[in-house]
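So this block is input-v7.csv, CSV, C-alpha atoms:
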```csv
chain,number,residue,atom,x,y,z
A,18,MET,CA,9.3,35.0,11.8
A,19,ALA,CA,7.1,33.5,9.2
A,20,ALA,CA,4.1,35.4,10.5
A,21,ALA,CA,6.0,38.6,10.6
A,22,THR,CA,6.9,38.5,6.9
A,23,GLY,CA,3.9,36.6,5.7
A,24,GLY,CA,1.4,39.3,6.4
A,25,GLY,CA,4.1,41.7,5.3
A,26,GLY,CA,3.0,45.1,4.1
A,27,GLU,CA,0.5,45.7,1.4
A,28,ARG,CA,2.6,48.5,0.2
A,29,SER,CA,5.8,46.5,-0.2
A,30,SER,CA,6.5,45.3,-3.7
A,31,THR,CA,5.6,41.8,-4.8
A,32,ARG,CA,9.3,41.1,-5.4
A,33,GLU,CA,10.2,41.9,-1.9
A,34,ARG,CA,7.4,39.7,-0.6
A,35,LEU,CA,8.4,36.9,-2.8
A,36,LEU,CA,12.0,37.0,-1.8
A,37,ALA,CA,11.0,37.1,1.9
A,38,ALA,CA,8.7,34.1,1.4
A,39,LEU,CA,11.5,32.3,-0.4
A,40,GLU,CA,13.9,33.0,2.4
A,41,ASP,CA,11.4,31.7,4.9
A,42,LEU,CA,10.9,28.6,2.9
A,43,GLU,CA,14.6,28.0,2.7
A,44,LEU,CA,15.1,28.4,6.4
A,45,LEU,CA,12.1,26.2,7.3
A,46,ALA,CA,13.2,23.5,4.9
A,47,ARG,CA,16.8,23.6,6.2
A,48,GLU,CA,15.5,23.5,9.8
A,49,LEU,CA,13.2,20.6,9.1
A,50,ILE,CA,15.9,18.6,7.4
A,51,GLU,CA,18.4,19.2,10.2
A,52,ILE,CA,15.9,18.2,12.8
A,53,LEU,CA,15.0,15.1,10.9
A,54,ALA,CA,18.6,14.2,10.4
A,55,ILE,CA,19.4,14.8,14.1
A,56,SER,CA,16.4,12.7,15.2
A,57,ARG,CA,17.4,9.9,12.8
A,58,ASN,CA,20.9,9.8,14.2
A,59,GLN,CA,19.9,10.1,17.8
A,60,LYS,CA,16.9,7.9,17.3
A,61,LEU,CA,14.9,10.4,19.4
A,62,PRO,CA,11.3,11.0,18.5
A,63,GLN,CA,10.7,14.8,18.2
A,64,ALA,CA,7.4,14.5,16.3
A,65,GLY,CA,5.9,17.6,17.8
A,66,GLU,CA,8.5,20.1,16.5
A,67,GLU,CA,8.8,18.3,13.2
A,68,SER,CA,5.2,18.5,12.4
A,69,GLN,CA,5.0,22.1,13.6
A,70,ILE,CA,7.8,23.1,11.2
A,71,LEU,CA,6.3,21.0,8.5
A,72,GLU,CA,2.9,22.7,8.8
A,73,LEU,CA,4.6,26.1,8.7
A,74,LEU,CA,6.5,25.0,5.6
A,75,ILE,CA,3.4,23.9,3.9
A,76,GLN,CA,1.6,27.1,4.8
A,77,ARG,CA,4.5,29.3,3.6
A,78,ASP,CA,4.8,27.2,0.4
A,79,GLY,CA,1.2,27.8,-0.3
A,80,GLU,CA,1.6,31.5,0.2
A,81,PHE,CA,4.7,31.5,-1.9
A,82,GLN,CA,2.8,29.9,-4.8
A,83,GLU,CA,0.0,32.4,-4.5
A,84,LEU,CA,2.5,35.1,-4.6
A,85,MET,CA,4.2,33.6,-7.7
A,86,LYS,CA,0.8,33.4,-9.4
A,87,LEU,CA,0.3,37.1,-8.5
A,88,ALA,CA,3.7,37.9,-9.9
A,89,VAL,CA,2.9,36.1,-13.2
A,90,ASP,CA,-0.3,38.1,-13.4
A,91,GLN,CA,1.6,41.3,-12.6
A,92,GLY,CA,4.0,40.4,-15.4
A,93,LYS,CA,1.0,40.2,-17.8
A,94,ILE,CA,-0.3,43.5,-16.6
A,95,HIS,CA,3.2,44.9,-17.0
A,96,HIS,CA,3.2,43.8,-20.6
A,97,GLU,CA,-0.1,45.5,-21.2
A,98,MET,CA,1.2,48.6,-19.6
A,99,GLN,CA,4.2,48.6,-21.9
A,100,LEU,CA,1.8,48.4,-24.9
A,101,LEU,CA,-0.2,51.3,-23.4
A,102,GLU,CA,2.9,53.3,-22.9
A,103,LYS,CA,3.8,52.8,-26.6
A,104,VAL,CA,0.3,54.0,-27.5
A,105,VAL,CA,0.7,57.0,-25.3
A,106,GLU,CA,4.0,57.8,-26.9
A,107,LYS,CA,2.5,57.5,-30.4
A,108,ARG,CA,-0.5,59.7,-29.4
A,109,ASP,CA,1.9,62.3,-28.0
A,110,ASN,CA,3.8,62.4,-31.2
A,111,ASP,CA,0.6,62.8,-33.2
A,112,ILE,CA,-0.6,65.5,-30.9
A,113,GLN,CA,2.7,67.4,-31.1
A,114,GLN,CA,2.7,67.1,-34.9
A,115,LEU,CA,-0.9,68.3,-35.1
A,116,GLN,CA,-0.2,71.2,-32.7
A,117,LYS,CA,2.7,72.2,-34.8
A,118,GLN,CA,0.6,72.3,-37.9
A,119,LEU,CA,-2.1,74.2,-36.1
A,120,LYS,CA,0.4,76.7,-34.9
A,121,GLU,CA,1.7,77.2,-38.4
A,122,ALA,CA,-1.8,77.6,-39.8
A,123,GLU,CA,-2.6,80.0,-37.0
A,124,HIS,CA,0.5,82.1,-37.9
A,125,ILE,CA,-0.4,82.1,-41.6
A,126,LEU,CA,-4.0,83.1,-40.9
A,127,ALA,CA,-2.9,85.7,-38.4
A,128,THR,CA,-0.6,87.3,-41.0
A,129,ALA,CA,-3.3,87.1,-43.6
A,130,VAL,CA,-5.9,88.6,-41.3
A,131,TYR,CA,-3.5,91.4,-40.4
A,132,GLN,CA,-2.8,92.2,-44.0
A,133,ALA,CA,-6.5,92.1,-44.9
A,134,LYS,CA,-7.3,94.4,-42.0
A,135,GLU,CA,-4.6,96.8,-43.2
A,136,LYS,CA,-6.1,96.6,-46.7
A,137,LEU,CA,-9.6,97.3,-45.4
A,138,LYS,CA,-8.3,100.3,-43.5
A,139,SER,CA,-6.7,101.7,-46.6
A,140,ILE,CA,-9.9,101.0,-48.6
A,141,GLU,CA,-11.9,102.8,-46.0
A,142,LYS,CA,-9.4,105.7,-46.0
A,143,ALA,CA,-9.6,105.8,-49.8
A,144,ARG,CA,-13.4,105.7,-49.7
A,145,LYS,CA,-13.5,108.7,-47.3
A,146,GLY,CA,-11.3,110.9,-49.4
A,147,ALA,CA,-12.7,109.6,-52.7
A,148,VAL,CA,-11.5,111.4,-55.9
A,149,SER,CA,-13.3,110.6,-59.1
A,150,SER,CA,-11.2,109.0,-61.8
A,151,GLU,CA,-12.2,111.9,-64.1
A,152,GLU,CA,-10.5,114.3,-61.8
A,153,ILE,CA,-7.3,112.2,-61.8
A,154,ILE,CA,-7.4,112.0,-65.6
A,155,LYS,CA,-7.8,115.8,-65.8
A,156,TYR,CA,-4.8,116.3,-63.6
A,157,ALA,CA,-2.8,113.8,-65.7
A,158,HIS,CA,-3.7,115.8,-68.8
A,159,ARG,CA,-2.5,119.0,-67.2
A,160,ILE,CA,0.7,117.5,-66.1
A,161,SER,CA,1.4,116.0,-69.5
A,162,ALA,CA,0.5,119.3,-71.1
A,163,SER,CA,3.2,121.2,-69.3
A,164,ASN,CA,5.8,118.4,-68.8
A,165,ALA,CA,6.5,116.6,-72.0
A,166,VAL,CA,7.4,112.9,-71.6
A,167,CYS,CA,7.9,112.1,-75.2
A,168,ALA,CA,11.4,112.4,-76.7
A,169,PRO,CA,11.6,114.8,-79.6
A,170,LEU,CA,11.8,113.2,-83.0
A,171,THR,CA,15.4,114.3,-83.4
A,172,TRP,CA,16.6,112.9,-80.1
A,173,VAL,CA,19.5,110.4,-80.4
A,174,PRO,CA,21.6,108.7,-77.7
A,175,GLY,CA,24.2,111.2,-76.5
A,176,ASP,CA,21.8,114.1,-76.8
A,177,PRO,CA,22.0,116.0,-73.4
A,178,ARG,CA,18.3,116.8,-73.5
A,179,ARG,CA,16.1,115.1,-71.0
A,180,PRO,CA,12.4,114.8,-70.5
A,181,TYR,CA,12.9,116.8,-67.2
A,182,PRO,CA,14.7,120.1,-66.7
A,183,THR,CA,18.4,119.5,-66.2
A,184,ASP,CA,20.6,121.7,-64.1
A,185,LEU,CA,21.9,123.3,-67.2
A,186,GLU,CA,18.4,124.1,-68.4
A,187,MET,CA,17.4,125.4,-65.0
A,188,ARG,CA,20.4,127.8,-65.1
A,189,SER,CA,19.5,128.7,-68.7
A,190,GLY,CA,16.1,129.8,-67.5
A,191,LEU,CA,15.0,133.4,-66.8
A,192,LEU,CA,16.0,133.2,-63.1
A,193,GLY,CA,19.5,131.9,-64.0
A,194,GLN,CA,20.0,134.6,-66.6
A,195,MET,CA,18.5,137.4,-64.5
A,196,ASN,CA,21.9,138.3,-63.1
A,197,ASN,CA,23.9,137.0,-66.0
A,198,PRO,CA,22.3,138.0,-69.2
A,199,SER,CA,24.4,136.7,-72.1
A,200,THR,CA,23.9,137.3,-75.8
A,201,ASN,CA,22.6,133.9,-76.7
A,202,GLY,CA,20.6,133.4,-73.5
A,203,VAL,CA,22.6,130.4,-72.4
A,204,ASN,CA,25.1,130.3,-69.6
A,205,GLY,CA,28.1,128.3,-70.6
A,206,HIS,CA,29.9,128.3,-67.3
A,207,LEU,CA,28.3,125.9,-64.9
A,208,PRO,CA,30.7,124.6,-62.3
A,209,GLY,CA,29.3,121.7,-60.3
A,210,ASP,CA,26.9,120.7,-63.0
A,211,ALA,CA,26.8,117.0,-63.9
A,212,LEU,CA,27.0,117.9,-67.5
A,213,ALA,CA,29.9,120.2,-66.9
A,214,ALA,CA,32.3,117.3,-66.9
A,215,GLY,CA,32.4,117.7,-70.6
A,216,ARG,CA,31.5,121.4,-70.5
A,217,LEU,CA,29.3,122.2,-73.4
A,218,PRO,CA,30.3,125.0,-75.6
A,219,ASP,CA,27.6,127.6,-76.1
A,220,VAL,CA,27.0,126.5,-79.6
A,221,LEU,CA,26.1,123.0,-78.6
A,222,ALA,CA,23.9,124.0,-75.7
A,223,PRO,CA,20.4,122.9,-76.4
A,224,GLN,CA,17.8,125.4,-77.4
A,225,TYR,CA,14.3,124.9,-76.2
A,226,PRO,CA,11.1,126.5,-77.2
A,227,TRP,CA,10.6,128.0,-73.7
A,228,GLN,CA,13.9,129.8,-74.1
A,229,SER,CA,12.5,132.1,-76.7
A,230,SER,CA,11.8,135.6,-75.5
A,231,ASP,CA,8.1,135.4,-76.5
A,232,MET,CA,7.6,132.4,-74.3
A,233,SER,CA,9.5,134.1,-71.5
A,234,MET,CA,7.3,137.1,-71.6
A,235,ASN,CA,4.2,135.0,-71.4
A,236,MET,CA,5.5,133.1,-68.4
A,237,LEU,CA,6.2,136.2,-66.3
A,238,PRO,CA,3.7,138.1,-64.3
A,239,PRO,CA,3.0,141.2,-66.4
A,240,ASN,CA,3.5,143.5,-63.5
A,241,HIS,CA,7.1,142.6,-63.1
A,242,SER,CA,8.3,141.7,-66.6
A,243,ASN,CA,9.6,145.1,-67.4
A,244,ASP,CA,11.7,145.3,-64.3
A,245,PHE,CA,14.5,143.2,-65.5
A,246,MET,CA,13.8,141.8,-68.9
A,247,LEU,CA,14.6,145.1,-70.6
A,248,GLU,CA,18.0,145.3,-69.1
A,249,PRO,CA,20.6,145.7,-71.9
A,250,PRO,CA,22.2,142.3,-72.7
A,251,GLY,CA,25.8,142.2,-72.0
A,252,HIS,CA,28.5,140.3,-70.2
A,253,ASN,CA,28.6,141.2,-66.6
A,254,LYS,CA,31.8,140.0,-65.0
A,255,GLU,CA,30.6,140.7,-61.5
A,256,ASN,CA,27.4,138.8,-61.9
A,257,GLU,CA,29.2,135.8,-63.4
A,258,ASP,CA,31.4,135.6,-60.4
A,259,ASP,CA,28.3,135.5,-58.3
A,260,VAL,CA,26.9,132.5,-60.2
A,261,GLU,CA,30.2,130.8,-59.8
A,262,VAL,CA,30.1,131.3,-56.1
A,263,MET,CA,26.5,130.1,-55.9
A,264,SER,CA,27.3,126.8,-57.5
A,265,THR,CA,30.3,126.1,-55.4
A,266,ASP,CA,29.6,127.7,-52.0
A,267,SER,CA,26.1,127.8,-50.7
A,268,SER,CA,27.1,129.9,-47.7
A,269,SER,CA,27.4,133.0,-49.7
A,270,SER,CA,23.8,132.8,-51.0
A,271,SER,CA,22.8,135.8,-48.9
A,272,THR,CA,24.8,138.1,-51.0
A,273,LEU,CA,23.2,136.6,-54.1
A,274,ARG,CA,19.7,137.0,-52.6
A,275,LYS,CA,20.4,140.7,-52.1
A,276,HIS,CA,21.3,140.8,-55.7
A,277,PHE,CA,18.2,139.0,-56.8
A,278,GLN,CA,16.0,141.1,-54.7
A,279,SER,CA,17.2,144.3,-56.4
A,280,GLY,CA,15.6,143.1,-59.6
A,281,TRP,CA,12.2,142.2,-58.1
A,282,GLU,CA,9.3,144.2,-56.8
A,283,TRP,CA,8.2,142.6,-53.6
A,284,VAL,CA,4.6,142.5,-52.5
A,285,LYS,CA,3.0,141.1,-49.4
A,286,TRP,CA,1.2,137.7,-49.7
A,287,ASN,CA,-2.1,139.2,-48.9
A,288,GLU,CA,-1.7,142.1,-51.3
A,289,PHE,CA,-1.2,140.1,-54.5
A,290,PRO,CA,-2.4,141.4,-57.8
A,291,PRO,CA,-5.6,139.7,-59.3
A,292,VAL,CA,-5.1,136.0,-59.9
A,293,ASP,CA,-5.4,136.3,-63.7
A,294,GLN,CA,-2.1,138.2,-63.6
A,295,LEU,CA,-0.2,135.5,-61.8
A,296,PHE,CA,1.8,132.4,-62.8
A,297,TRP,CA,-0.5,129.6,-63.2
A,298,GLY,CA,1.2,127.7,-60.4
A,299,LEU,CA,1.0,130.7,-58.1
A,300,ARG,CA,-2.6,131.3,-59.1
A,301,CYS,CA,-3.5,127.7,-58.1
A,302,LEU,CA,-1.8,128.1,-54.7
A,303,ARG,CA,-3.7,131.4,-54.1
A,304,GLU,CA,-7.0,129.8,-55.1
A,305,GLN,CA,-6.4,126.8,-52.9
A,306,GLY,CA,-5.8,129.2,-50.0
A,307,TYR,CA,-2.2,128.2,-49.4
A,308,ASN,CA,-0.4,130.3,-46.9
A,309,PRO,CA,3.4,130.0,-46.9
A,310,PHE,CA,3.6,131.6,-43.4
A,311,THR,CA,1.8,128.8,-41.7
A,312,GLU,CA,2.9,125.2,-41.3
A,313,GLU,CA,-0.5,123.9,-42.4
A,314,LEU,CA,-0.9,122.0,-45.7
A,315,ASP,CA,-4.7,121.7,-45.6
A,316,HIS,CA,-5.2,123.8,-48.7
A,317,LEU,CA,-5.5,120.7,-50.9
A,318,LYS,CA,-8.4,119.3,-48.9
A,319,GLY,CA,-11.5,119.4,-51.0
A,320,TYR,CA,-9.7,121.0,-53.8
A,321,THR,CA,-11.1,119.8,-57.1
A,322,GLY,CA,-8.8,121.7,-59.5
A,323,SER,CA,-11.8,123.1,-61.3
A,324,HIS,CA,-10.2,126.3,-62.5
A,325,GLN,CA,-8.9,126.3,-66.0
A,326,LEU,CA,-6.0,128.0,-67.8
A,327,ASP,CA,-7.1,130.8,-70.1
B,21,MET,CA,-11.8,18.6,-17.0
B,22,ASP,CA,-9.2,16.2,-15.6
B,23,HIS,CA,-6.7,17.5,-18.0
B,24,LEU,CA,-7.4,21.0,-17.0
B,25,SER,CA,-7.1,20.3,-13.3
B,26,SER,CA,-3.9,18.3,-13.7
B,27,SER,CA,-2.3,21.0,-15.7
B,28,GLN,CA,-3.5,23.6,-13.2
B,29,LYS,CA,-2.0,21.5,-10.5
B,30,LYS,CA,1.2,21.1,-12.4
B,31,GLY,CA,1.3,24.9,-13.0
B,32,LYS,CA,0.7,25.5,-9.3
B,33,GLU,CA,3.3,23.0,-8.2
B,34,GLU,CA,5.9,24.4,-10.5
B,35,PHE,CA,7.1,26.8,-7.8
B,36,SER,CA,6.4,24.4,-4.9
B,37,PHE,CA,9.3,23.1,-2.8
B,38,LEU,CA,7.2,20.5,-1.0
B,39,PRO,CA,7.9,17.6,-3.5
B,40,LEU,CA,11.6,18.0,-3.1
B,41,VAL,CA,11.4,18.2,0.7
B,42,HIS,CA,9.2,15.1,0.5
B,43,ASP,CA,11.8,13.3,-1.6
B,44,ILE,CA,14.5,14.2,0.9
B,45,ILE,CA,12.5,12.9,3.8
B,46,LYS,CA,11.8,9.7,1.9
B,47,CYS,CA,15.5,9.2,1.1
B,48,MET,CA,16.4,9.9,4.7
B,49,ASP,CA,13.9,7.3,5.8
B,50,LYS,CA,15.5,4.8,3.4
B,51,ASP,CA,19.0,5.9,4.3
B,52,SER,CA,19.5,6.3,0.6
B,53,GLN,CA,22.6,7.9,-0.8
B,54,ASP,CA,20.5,9.9,-3.2
B,55,VAL,CA,19.7,12.3,-0.3
B,56,HIS,CA,22.7,14.5,-1.2
B,57,GLN,CA,21.7,14.7,-4.8
B,58,VAL,CA,18.1,15.7,-3.8
B,59,LEU,CA,19.5,18.2,-1.3
B,60,ASN,CA,21.5,19.8,-4.1
B,61,GLU,CA,18.5,19.9,-6.3
B,62,LEU,CA,16.5,21.7,-3.5
B,63,LYS,CA,19.4,24.2,-3.1
B,64,ASN,CA,19.6,24.8,-6.9
B,65,LYS,CA,15.9,25.2,-7.0
B,66,PHE,CA,16.1,27.9,-4.3
B,67,GLN,CA,18.8,29.7,-6.3
B,68,GLU,CA,17.0,29.5,-9.6
B,69,THR,CA,13.8,30.7,-8.1
B,70,ARG,CA,15.6,33.6,-6.5
B,71,LYS,CA,17.1,34.5,-9.9
B,72,LEU,CA,13.7,34.1,-11.6
B,73,ILE,CA,12.1,36.5,-9.1
B,74,SER,CA,14.8,39.1,-9.7
B,75,SER,CA,14.2,38.9,-13.4
B,76,MET,CA,10.4,38.9,-13.4
B,77,PRO,CA,9.0,42.0,-14.9
B,78,GLY,CA,6.4,44.3,-13.3
B,79,ILE,CA,6.7,43.1,-9.7
B,80,GLY,CA,8.7,46.0,-8.5
B,81,VAL,CA,5.5,47.5,-7.2
B,82,SER,CA,2.6,46.2,-5.2
B,83,PRO,CA,-0.5,45.0,-7.1
B,84,GLU,CA,-2.5,48.0,-5.9
B,85,GLN,CA,0.2,50.4,-7.2
B,86,GLN,CA,0.3,48.6,-10.4
B,87,GLN,CA,-3.4,48.8,-10.9
B,88,GLN,CA,-3.3,52.5,-10.2
B,89,GLN,CA,-0.6,52.9,-12.8
B,90,LEU,CA,-2.6,50.9,-15.3
B,91,GLN,CA,-5.6,53.1,-14.7
B,92,ASN,CA,-3.5,56.2,-15.1
B,93,LEU,CA,-2.2,54.9,-18.4
B,94,ARG,CA,-5.6,54.0,-19.7
B,95,GLU,CA,-6.9,57.4,-18.7
B,96,GLN,CA,-4.0,59.1,-20.5
B,97,VAL,CA,-4.7,57.1,-23.7
B,98,ARG,CA,-8.3,58.0,-23.5
B,99,THR,CA,-7.6,61.7,-22.9
B,100,LYS,CA,-5.1,61.8,-25.7
B,101,ASN,CA,-7.5,60.1,-28.1
B,102,GLU,CA,-10.1,62.6,-27.3
B,103,LEU,CA,-7.7,65.5,-27.8
B,104,LEU,CA,-6.7,64.1,-31.2
B,105,GLN,CA,-10.3,63.7,-32.2
B,106,LYS,CA,-11.0,67.2,-31.1
B,107,TYR,CA,-8.1,68.5,-33.2
B,108,LYS,CA,-9.1,66.5,-36.2
B,109,SER,CA,-12.7,67.7,-36.1
B,110,LEU,CA,-11.7,71.3,-35.7
B,111,CYS,CA,-13.2,73.5,-38.4
B,112,MET,CA,-10.2,75.6,-39.5
B,113,PHE,CA,-12.1,77.7,-41.9
B,114,GLU,CA,-14.9,78.9,-39.7
B,115,ILE,CA,-16.1,82.2,-41.0
B,116,PRO,CA,-15.7,84.9,-38.4
B,117,LYS,CA,-18.8,86.8,-37.4
B,118,GLU,CA,-18.8,90.4,-38.3
```

How does the structure come out when it is put into structure tokens?
Amino acid sequence: MAAATGGGGERSSTRERLLAALEDLELLARELIEILAISRNQKLPQAGEESQILELLIQRDGEFQELMKLAVDQGKIHHEMQLLEKVVEKRDNDIQQLQKQLKEAEHILATAVYQAKEKLKSIEKARKGAVSSEEIIKYAHRISASNAVCAPLTWVPGDPRRPYPTDLEMRSGLLGQMNNPSTNGVNGHLPGDALAAGRLPDVLAPQYPWQSSDMSMNMLPPNHSNDFMLEPPGHNKENEDDVEVMSTDSSSSSTLRKHFQSGWEWVKWNEFPPVDQLFWGLRCLREQGYNPFTEELDHLKGYTGSHQLD
Amino acid sequence: MDHLSSSQKKGKEEFSFLPLVHDIIKCMDKDSQDVHQVLNELKNKFQETRKLISSMPGIGVSPEQQQQQLQNLREQVRTKNELLQKYKSLCMFEIPKE
């Protein structure tokens, strides 16, 4: 029995081996004491068995002490392992923290790199289609020449005039008046207009320099100016109705178009009169090679806007 | 030297049952009444030792397994230290080559 458990498995835990050895010791000690007690009572000498058990007991006791020593050593190693585990845990935390920071940094850098790349792309794009600043300034001058952005000196809050053409002014233009010529050149009936909430009497309607007939003449192509400008001014009830309809119901615009068409002389795009007889805007488009019958919008490529107004 | 060996001996005999068994035999030889007391002592010592073994830390595995675990742990600490050093020495602002 002692031999069976004594050599007992290298793989079994020290605790199991210790308990087994302890059990052996207990059994052996009990057996020895019982035998001794019996032999004392019966006065029978049984020296052989006694000494055998005693030897076994001594042997197992030695083994047990060795095992106990081993157990104490294992306890020390266990303590060391616990310290190491704590170190590992601390290192794990450090590494996780560091990885988190690295991840954040990577994210920030990736975003920055992406934005920088986008910027580089747009710089490259701008470099390819470079326009000199002089050209831009020239354009700006032209735009500001024909579209005033300064308020007139007499302008006060409440004045309906704006730095851009309002609906009212658009209708007051030549196209608006074409079918509705009135004596003072201003159409007072404008349903649907934002300004119409407090409908302006004709007297209060703003007068602009471009509404003068001289200016109007200059703005028109000479070929066509006579076609309708010389129509006798007068209130045309029928035409006014058309304007009303135009403002409220867009579906009836075809009848209007017919009406407009009657005042114009229509020419084919390719058979236009010489450019010096055209609106400036139209002239620009012609010179740029714009064609309204194609979907292409390449006519601005390479255009430098070098032509000048007379 | 003597002191060392005696303390070693004492330490070694701390878990020995032989002295008590010897006492019991001596008492039996003398027919002393102390034998019961010494028997109880032996019994108690067995109980206490059993309890002690149950509560001793780190003996749930064999020494070989424990050594293996210890090596694993040391290896882990070493690897993690290296990784940390690597992270700390990273050059985060390396200029990318065009």

- Item | Option closest in space to chain B, from A:Leu185, A:Ile160, A:Met85, A:Val148 [counting all atoms listed in the file] | A:Met85

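Between atom CA of Leu40 of chain B and atom CA of Gln59 of chain A lies a distance of 23.8 Å.
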
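Each of B:Val81, B:Leu110, B:Leu103, B:Met48 was checked against chain A using all atoms listed in the file; the smallest atom-to-atom distance is that of B:Val81.
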
- Task: Write out as number ranges by chain every residue belonging to chain A that has an atom at most 9 Å from any atom of chain B, counting all atoms listed in the file.
- Result: A: 27-33, 35-36, 39-40, 42-43, 46, 49-50, 53-54, 57, 74-75, 78-79, 81-83, 85-89, 91-98, 101-102, 104-105, 108-109, 111-112, 115-116, 119, 122

- As a check of understanding: the span from atom CA of Lys318 of chain A to atom CA of Gln305 of chain A is 8.7 Å

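Atom CA of Tyr307 of chain A lies 23.9 Å from atom CA of Lys142 of chain A.
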